[in-house]
$ cat run.pdb   # PDB, C-alpha atoms, pLDDT in the B column
MODEL        1
ATOM      1  CA  MET A   1     106.506 129.940  98.282  1.00 43.00           C
ATOM      2  CA  GLU A   2     104.488 127.784 100.667  1.00 54.00           C
ATOM      3  CA  ASP A   3     100.805 127.416  99.979  1.00 78.00           C
ATOM      4  CA  ASP A   4      97.935 127.378 102.450  1.00 84.00           C
ATOM      5  CA  ARG A   5      97.839 123.604 102.969  1.00 85.00           C
ATOM      6  CA  VAL A   6     101.533 123.506 103.871  1.00 87.00           C
ATOM      7  CA  LYS A   7     101.107 126.443 106.251  1.00 87.00           C
ATOM      8  CA  LYS A   8      98.070 124.799 107.857  1.00 87.00           C
ATOM      9  CA  PHE A   9      99.967 121.584 108.470  1.00 85.00           C
ATOM     10  CA  ILE A  10     103.004 123.409 109.866  1.00 87.00           C
ATOM     11  CA  GLU A  11     100.758 125.286 112.283  1.00 88.00           C
ATOM     12  CA  SER A  12      98.459 122.432 113.301  1.00 87.00           C
ATOM     13  CA  ARG A  13     100.403 119.251 112.494  1.00 83.00           C
ATOM     14  CA  ASP A  14      97.020 117.797 111.666  1.00 82.00           C
ATOM     15  CA  GLY A  15      97.381 114.504 109.818  1.00 82.00           C
ATOM     16  CA  GLN A  16      94.332 115.297 107.692  1.00 84.00           C
ATOM     17  CA  GLU A  17      96.081 118.360 106.274  1.00 83.00           C
ATOM     18  CA  LEU A  18      99.058 116.165 105.432  1.00 83.00           C
ATOM     19  CA  GLU A  19      96.796 113.614 103.731  1.00 86.00           C
ATOM     20  CA  GLU A  20      95.665 116.285 101.303  1.00 84.00           C
ATOM     21  CA  CYS A  21      99.183 117.477 100.442  1.00 87.00           C
ATOM     22  CA  THR A  22     100.699 116.837  97.047  1.00 88.00           C
ATOM     23  CA  LYS A  23     104.194 115.491  96.564  1.00 86.00           C
ATOM     24  CA  VAL A  24     105.605 119.008  96.173  1.00 88.00           C
ATOM     25  CA  GLN A  25     103.778 120.179  99.284  1.00 88.00           C
ATOM     26  CA  LEU A  26     105.089 117.184 101.244  1.00 86.00           C
ATOM     27  CA  GLN A  27     108.613 118.100 100.230  1.00 88.00           C
ATOM     28  CA  LEU A  28     108.018 121.657 101.458  1.00 88.00           C
ATOM     29  CA  VAL A  29     106.783 120.303 104.804  1.00 87.00           C
ATOM     30  CA  ALA A  30     109.784 117.979 105.051  1.00 86.00           C
ATOM     31  CA  ASP A  31     112.161 120.829 104.228  1.00 87.00           C
ATOM     32  CA  HIS A  32     110.514 123.052 106.824  1.00 88.00           C
ATOM     33  CA  PHE A  33     110.966 120.463 109.570  1.00 85.00           C
ATOM     34  CA  GLY A  34     114.361 119.268 108.333  1.00 85.00           C
ATOM     35  CA  CYS A  35     113.061 115.785 107.562  1.00 85.00           C
ATOM     36  CA  ARG A  36     114.839 113.627 105.040  1.00 82.00           C
ATOM     37  CA  LEU A  37     112.423 111.705 102.829  1.00 84.00           C
ATOM     38  CA  ARG A  38     113.725 108.407 101.576  1.00 84.00           C
ATOM     39  CA  SER A  39     110.721 107.488  99.485  1.00 80.00           C
ATOM     40  CA  SER A  40     109.463 109.168  96.366  1.00 80.00           C
ATOM     41  CA  ARG A  41     105.919 107.838  96.832  1.00 85.00           C
ATOM     42  CA  VAL A  42     103.430 110.283  98.285  1.00 84.00           C
ATOM     43  CA  ALA A  43     101.804 107.895 100.772  1.00 84.00           C
ATOM     44  CA  GLU A  44     105.165 106.785 102.105  1.00 84.00           C
ATOM     45  CA  CYS A  45     106.362 110.394 102.380  1.00 85.00           C
ATOM     46  CA  ARG A  46     103.357 111.154 104.567  1.00 86.00           C
ATOM     47  CA  ILE A  47     104.185 108.232 106.845  1.00 86.00           C
ATOM     48  CA  GLU A  48     107.844 109.224 107.041  1.00 85.00           C
ATOM     49  CA  ILE A  49     107.031 112.837 107.931  1.00 87.00           C
ATOM     50  CA  MET A  50     104.539 111.858 110.622  1.00 86.00           C
ATOM     51  CA  ALA A  51     106.909 109.245 112.072  1.00 83.00           C
ATOM     52  CA  GLN A  52     109.821 111.661 112.214  1.00 84.00           C
ATOM     53  CA  LEU A  53     107.752 114.441 113.755  1.00 84.00           C
ATOM     54  CA  LYS A  54     106.251 112.069 116.319  1.00 82.00           C
ATOM     55  CA  ALA A  55     109.673 110.730 117.241  1.00 80.00           C
ATOM     56  CA  ARG A  56     111.009 114.273 117.650  1.00 80.00           C
ATOM     57  CA  GLU A  57     108.004 115.263 119.748  1.00 80.00           C
ATOM     58  CA  GLU A  58     108.464 112.283 122.060  1.00 76.00           C
ATOM     59  CA  ALA A  59     112.178 112.935 122.333  1.00 74.00           C
ATOM     60  CA  SER A  60     111.594 116.579 123.227  1.00 76.00           C
ATOM     61  CA  LYS A  61     109.019 115.619 125.886  1.00 75.00           C
ATOM     62  CA  GLU A  62     111.597 113.432 127.551  1.00 67.00           C
ATOM     63  CA  GLY A  63     114.364 115.993 127.159  1.00 66.00           C
ATOM     64  CA  LEU A  64     116.254 113.703 124.808  1.00 53.00           C
ATOM     65  CA  PRO A  65     118.327 114.817 121.853  1.00 52.00           C
ATOM     66  CA  GLN A  66     116.343 115.221 118.647  1.00 49.00           C
ATOM     67  CA  VAL A  67     115.826 112.137 116.529  1.00 43.00           C
ATOM     68  CA  PRO A  68     117.980 112.540 113.430  1.00 47.00           C
ATOM     69  CA  ALA A  69     116.295 113.498 110.181  1.00 45.00           C
ATOM     70  CA  SER A  70     117.579 110.288 108.668  1.00 43.00           C
ATOM     71  CA  VAL A  71     115.181 108.098 110.626  1.00 42.00           C
ATOM     72  CA  GLY A  72     116.310 104.528 110.645  1.00 41.00           C
ATOM     73  CA  GLY A  73     119.905 105.639 110.681  1.00 40.00           C
ATOM     74  CA  ASN A  74     122.469 104.901 113.372  1.00 37.00           C
ATOM     75  CA  TRP A  75     120.910 104.295 116.774  1.00 37.00           C
ATOM     76  CA  SER A  76     124.075 103.060 118.407  1.00 36.00           C
ATOM     77  CA  ASP A  77     123.728 105.333 121.442  1.00 38.00           C
ATOM     78  CA  GLU A  78     120.458 103.596 122.253  1.00 39.00           C
ATOM     79  CA  GLY A  79     122.083 100.477 123.649  1.00 41.00           C
ATOM     80  CA  SER A  80     124.049 102.422 126.222  1.00 41.00           C
ATOM     81  CA  SER A  81     120.991 104.281 127.517  1.00 42.00           C
ATOM     82  CA  ARG A  82     119.429 103.049 130.723  1.00 44.00           C
ATOM     83  CA  GLY A  83     116.086 103.619 132.337  1.00 49.00           C
ATOM     84  CA  SER A  84     113.013 105.241 130.843  1.00 52.00           C
ATOM     85  CA  SER A  85     114.827 107.336 128.225  1.00 57.00           C
ATOM     86  CA  GLY A  86     116.376 104.218 126.671  1.00 61.00           C
ATOM     87  CA  SER A  87     113.032 102.497 126.797  1.00 66.00           C
ATOM     88  CA  SER A  88     111.344 105.495 125.229  1.00 65.00           C
ATOM     89  CA  ARG A  89     113.900 105.623 122.450  1.00 66.00           C
ATOM     90  CA  ARG A  90     113.494 101.926 121.822  1.00 69.00           C
ATOM     91  CA  SER A  91     109.706 102.238 121.682  1.00 71.00           C
ATOM     92  CA  THR A  92     110.040 105.231 119.361  1.00 73.00           C
ATOM     93  CA  LYS A  93     112.452 103.314 117.181  1.00 71.00           C
ATOM     94  CA  LEU A  94     110.153 100.313 117.173  1.00 76.00           C
ATOM     95  CA  GLU A  95     107.203 102.483 116.226  1.00 75.00           C
ATOM     96  CA  ILE A  96     109.165 104.069 113.392  1.00 78.00           C
ATOM     97  CA  LEU A  97     110.376 100.671 112.219  1.00 76.00           C
ATOM     98  CA  LYS A  98     106.803  99.394 112.378  1.00 78.00           C
ATOM     99  CA  MET A  99     105.642 102.306 110.217  1.00 81.00           C
ATOM    100  CA  GLN A 100     108.489 101.714 107.786  1.00 78.00           C
ATOM    101  CA  LEU A 101     107.651  98.008 107.598  1.00 80.00           C
ATOM    102  CA  GLU A 102     103.992  98.821 107.033  1.00 81.00           C
ATOM    103  CA  ALA A 103     104.966 101.192 104.235  1.00 80.00           C
ATOM    104  CA  GLN A 104     107.234  98.529 102.750  1.00 81.00           C
ATOM    105  CA  LEU A 105     104.464  95.941 103.025  1.00 82.00           C
ATOM    106  CA  LYS A 106     102.023  98.254 101.259  1.00 85.00           C
ATOM    107  CA  ARG A 107     104.617  98.911  98.557  1.00 85.00           C
ATOM    108  CA  GLU A 108     105.188  95.177  98.091  1.00 86.00           C
ATOM    109  CA  GLU A 109     101.437  94.521  98.010  1.00 87.00           C
ATOM    110  CA  ARG A 110     101.038  97.220  95.337  1.00 89.00           C
ATOM    111  CA  GLU A 111     103.885  95.713  93.330  1.00 90.00           C
ATOM    112  CA  ALA A 112     102.392  92.221  93.649  1.00 91.00           C
ATOM    113  CA  GLN A 113      98.990  93.565  92.580  1.00 93.00           C
ATOM    114  CA  LEU A 114     100.583  95.296  89.585  1.00 93.00           C
ATOM    115  CA  GLU A 115     102.351  92.069  88.639  1.00 94.00           C
ATOM    116  CA  ARG A 116      99.071  90.112  88.897  1.00 94.00           C
ATOM    117  CA  GLU A 117      97.325  92.703  86.754  1.00 95.00           C
ATOM    118  CA  GLU A 118     100.150  92.581  84.205  1.00 95.00           C
ATOM    119  CA  ARG A 119      99.939  88.762  84.041  1.00 95.00           C
ATOM    120  CA  GLU A 120      96.154  89.018  83.613  1.00 96.00           C
ATOM    121  CA  ARG A 121      96.592  91.549  80.794  1.00 96.00           C
ATOM    122  CA  GLU A 122      99.148  89.313  79.097  1.00 96.00           C
ATOM    123  CA  ALA A 123      96.867  86.288  79.435  1.00 96.00           C
ATOM    124  CA  GLN A 124      93.957  88.298  78.023  1.00 96.00           C
ATOM    125  CA  LEU A 125      96.101  89.472  75.097  1.00 96.00           C
ATOM    126  CA  LYS A 126      97.143  85.867  74.382  1.00 96.00           C
ATOM    127  CA  ARG A 127      93.504  84.738  74.473  1.00 96.00           C
ATOM    128  CA  GLU A 128      92.527  87.529  72.116  1.00 97.00           C
ATOM    129  CA  GLU A 129      95.427  86.667  69.798  1.00 96.00           C
ATOM    130  CA  ARG A 130      94.408  82.980  69.739  1.00 96.00           C
ATOM    131  CA  GLU A 131      90.809  84.023  69.000  1.00 97.00           C
ATOM    132  CA  ARG A 132      91.994  86.255  66.137  1.00 96.00           C
ATOM    133  CA  GLU A 133      94.146  83.437  64.745  1.00 97.00           C
ATOM    134  CA  ALA A 134      91.233  81.005  64.962  1.00 96.00           C
ATOM    135  CA  GLN A 135      88.968  83.540  63.268  1.00 97.00           C
ATOM    136  CA  LEU A 136      91.550  84.063  60.510  1.00 96.00           C
ATOM    137  CA  LYS A 137      91.869  80.295  59.955  1.00 96.00           C
ATOM    138  CA  GLN A 138      88.091  80.002  59.814  1.00 97.00           C
ATOM    139  CA  GLU A 139      87.891  82.830  57.285  1.00 96.00           C
ATOM    140  CA  GLU A 140      90.687  81.242  55.217  1.00 96.00           C
ATOM    141  CA  ARG A 141      88.855  77.890  55.223  1.00 96.00           C
ATOM    142  CA  GLU A 142      85.619  79.589  54.188  1.00 96.00           C
ATOM    143  CA  ALA A 143      87.427  81.500  51.436  1.00 96.00           C
ATOM    144  CA  GLN A 144      89.083  78.278  50.235  1.00 96.00           C
ATOM    145  CA  LEU A 145      85.734  76.466  50.211  1.00 96.00           C
ATOM    146  CA  GLU A 146      84.197  79.368  48.287  1.00 96.00           C
ATOM    147  CA  ARG A 147      87.014  79.262  45.704  1.00 96.00           C
ATOM    148  CA  GLU A 148      86.613  75.498  45.316  1.00 96.00           C
ATOM    149  CA  GLU A 149      82.861  75.879  44.915  1.00 95.00           C
ATOM    150  CA  ARG A 150      83.307  78.585  42.254  1.00 94.00           C
ATOM    151  CA  LYS A 151      85.827  76.354  40.493  1.00 94.00           C
ATOM    152  CA  ARG A 152      83.385  73.425  40.508  1.00 94.00           C
ATOM    153  CA  GLU A 153      80.583  75.653  39.247  1.00 92.00           C
ATOM    154  CA  ALA A 154      82.850  76.939  36.516  1.00 92.00           C
ATOM    155  CA  GLN A 155      83.732  73.362  35.522  1.00 93.00           C
ATOM    156  CA  LEU A 156      80.056  72.398  35.470  1.00 89.00           C
ATOM    157  CA  LYS A 157      79.186  75.292  33.163  1.00 84.00           C
TER     158      LYS A 157
ENDMDL
END
$ encode --input "run.pdb" --output "structure tokens"
Amino acid sequence: MEDDRVKKFIESRDGQELEECTKVQLQLVADHFGCRLRSSRVAECRIEIMAQLKAREEASKEGLPQVPASVGGNWSDEGSSRGSSGSSRRSTKLEILKMQLEAQLKREEREAQLEREEREREAQLKREEREREAQLKQEEREAQLEREERKREAQLK
């Protein structure tokens, strides 16, 4: 069962509708249009769907065969094309590759950010552990001094 947001996007192909779709809804949109999603991340799925639909739209305007659902697949027929259709396919391919590279760059930036955050958390945990150890040593010294003082007082009595 498709919900309203999926139906709205299918009818309008408005990117804003796609931006509000959940992962499940994106899969429904992809299934409807016969798109193959390679990523499991929502933001990347949105980019893939829009890129594939745009490539198909451009191909249909030029009377070219549909761009395969597996965007980024085999484009071997492109080299043999001449004239504006070959140029259009190349520009479409370049645009799709650009979008894929942007998605990859965002993914790598997120991963790098997560790694930095993880290192910061580990460093913070080590600092806290050193502080706890120092506090424990201080408490042990104070306890030892207290025992020695009680012992001296006991000896004096």
$ closest_residue --input "run.pdb" --among "A:Leu37, A:Val42, A:Ile96, A:Leu125" --to "Arg56 in chain A" --atoms "all atoms listed in the file"
A:Ile96
$ resolve_selection --input "run.pdb" --expression "the PyMOL selection byres ((chain A and resi 102-113) around 12)" --output "number ranges by chain"
A: 38-48, 51, 94-101, 114-120
$ write_last_selection --input "run.pdb" --atoms "C-alpha atoms" --output "compact mmCIF listing (two decimals), in the frame of the given file"
# COMPACT_ATOMS: atom_id res chain seq x y z
CA ARG A 38 113.72 108.41 101.58
CA SER A 39 110.72 107.49 99.48
CA SER A 40 109.46 109.17 96.37
CA ARG A 41 105.92 107.84 96.83
CA VAL A 42 103.43 110.28 98.28
CA ALA A 43 101.80 107.90 100.77
CA GLU A 44 105.16 106.78 102.10
CA CYS A 45 106.36 110.39 102.38
CA ARG A 46 103.36 111.15 104.57
CA ILE A 47 104.18 108.23 106.84
CA GLU A 48 107.84 109.22 107.04
CA ALA A 51 106.91 109.24 112.07
CA LEU A 94 110.15 100.31 117.17
CA GLU A 95 107.20 102.48 116.23
CA ILE A 96 109.16 104.07 113.39
CA LEU A 97 110.38 100.67 112.22
CA LYS A 98 106.80 99.39 112.38
CA MET A 99 105.64 102.31 110.22
CA GLN A 100 108.49 101.71 107.79
CA LEU A 101 107.65 98.01 107.60
CA LEU A 114 100.58 95.30 89.58
CA GLU A 115 102.35 92.07 88.64
CA ARG A 116 99.07 90.11 88.90
CA GLU A 117 97.32 92.70 86.75
CA GLU A 118 100.15 92.58 84.20
CA ARG A 119 99.94 88.76 84.04
CA GLU A 120 96.15 89.02 83.61
$ residues_around --input "run.pdb" --residues "Cys21 in chain A" --least-positions-apart "2" --cutoff "12 Å" --atoms "only C-alpha atoms" --output "MDAnalysis selection string"
chainID A and resid 2:10 14:19 23:30 42:43 45:46 49
$ atom_distance --input "run.pdb" --atom1 "CA of Leu53 in chain A" --atom2 "CA of Arg13 in chain A"
8.9 Å
$ atom_distance --input "run.pdb" --atom1 "CA of Ala59 in chain A" --atom2 "CA of His32 in chain A"
18.6 Å
$ atom_distance --input "run.pdb" --atom1 "CA of Phe33 in chain A" --atom2 "CA of Lys54 in chain A"
11.8 Å
$ axis_aligned_box --input "run.pdb" --around "range 94-103 of chain A" --padding-each-side "8 Å" --output "JSON"
{"center_x": 107.2, "center_y": 101.0, "center_z": 110.7, "size_x": 22.4, "size_y": 22.1, "size_z": 28.9}
$ decode --input "run.pdb" --residues "range 18-31 of chain A" --atoms "N, CA, C and O atoms" --output "CSV table (one decimal), in the first residue's frame"
chain,number,residue,atom,x,y,z
A,18,LEU,N,10.1,14.1,-2.0
A,18,LEU,CA,11.1,13.1,-1.8
A,18,LEU,C,11.9,13.3,-0.5
A,18,LEU,O,12.2,12.3,0.2
A,19,GLU,N,12.2,14.6,-0.2
A,19,GLU,CA,13.0,14.9,1.0
A,19,GLU,C,12.3,14.4,2.2
A,19,GLU,O,12.9,14.2,3.2
A,20,GLU,N,10.9,14.4,2.2
A,20,GLU,CA,10.2,14.1,3.4
A,20,GLU,C,9.9,12.6,3.5
A,20,GLU,O,9.2,12.1,4.4
A,21,CYS,N,10.3,11.8,2.5
A,21,CYS,CA,10.0,10.4,2.5
A,21,CYS,C,10.9,9.6,3.4
A,21,CYS,O,12.1,9.9,3.6
A,22,THR,N,10.4,8.6,4.0
A,22,THR,CA,11.1,7.7,4.9
A,22,THR,C,11.8,6.7,4.0
A,22,THR,O,11.6,6.6,2.8
A,23,LYS,N,12.6,5.9,4.6
A,23,LYS,CA,13.4,4.8,3.9
A,23,LYS,C,12.4,3.9,3.2
A,23,LYS,O,12.6,3.5,2.0
A,24,VAL,N,11.4,3.5,3.9
A,24,VAL,CA,10.4,2.6,3.3
A,24,VAL,C,9.7,3.2,2.1
A,24,VAL,O,9.5,2.6,1.0
A,25,GLN,N,9.3,4.5,2.3
A,25,GLN,CA,8.6,5.2,1.2
A,25,GLN,C,9.6,5.4,0.0
A,25,GLN,O,9.1,5.3,-1.1
A,26,LEU,N,10.9,5.6,0.3
A,26,LEU,CA,11.8,5.8,-0.8
A,26,LEU,C,11.9,4.4,-1.6
A,26,LEU,O,12.0,4.5,-2.9
A,27,GLN,N,11.9,3.3,-0.9
A,27,GLN,CA,11.9,2.1,-1.6
A,27,GLN,C,10.7,1.9,-2.4
A,27,GLN,O,10.7,1.3,-3.6
A,28,LEU,N,9.5,2.3,-2.0
A,28,LEU,CA,8.3,2.2,-2.7
A,28,LEU,C,8.4,3.1,-4.0
A,28,LEU,O,8.0,2.6,-5.1
A,29,VAL,N,8.9,4.3,-3.9
A,29,VAL,CA,9.1,5.1,-5.1
A,29,VAL,C,10.1,4.5,-6.0
A,29,VAL,O,9.8,4.4,-7.2
A,30,ALA,N,11.2,3.9,-5.5
A,30,ALA,CA,12.2,3.3,-6.4
A,30,ALA,C,11.5,2.1,-7.1
A,30,ALA,O,11.7,1.9,-8.3
A,31,ASP,N,10.8,1.3,-6.4
A,31,ASP,CA,10.1,0.1,-7.0
A,31,ASP,C,9.1,0.6,-8.1
A,31,ASP,O,9.0,0.0,-9.1
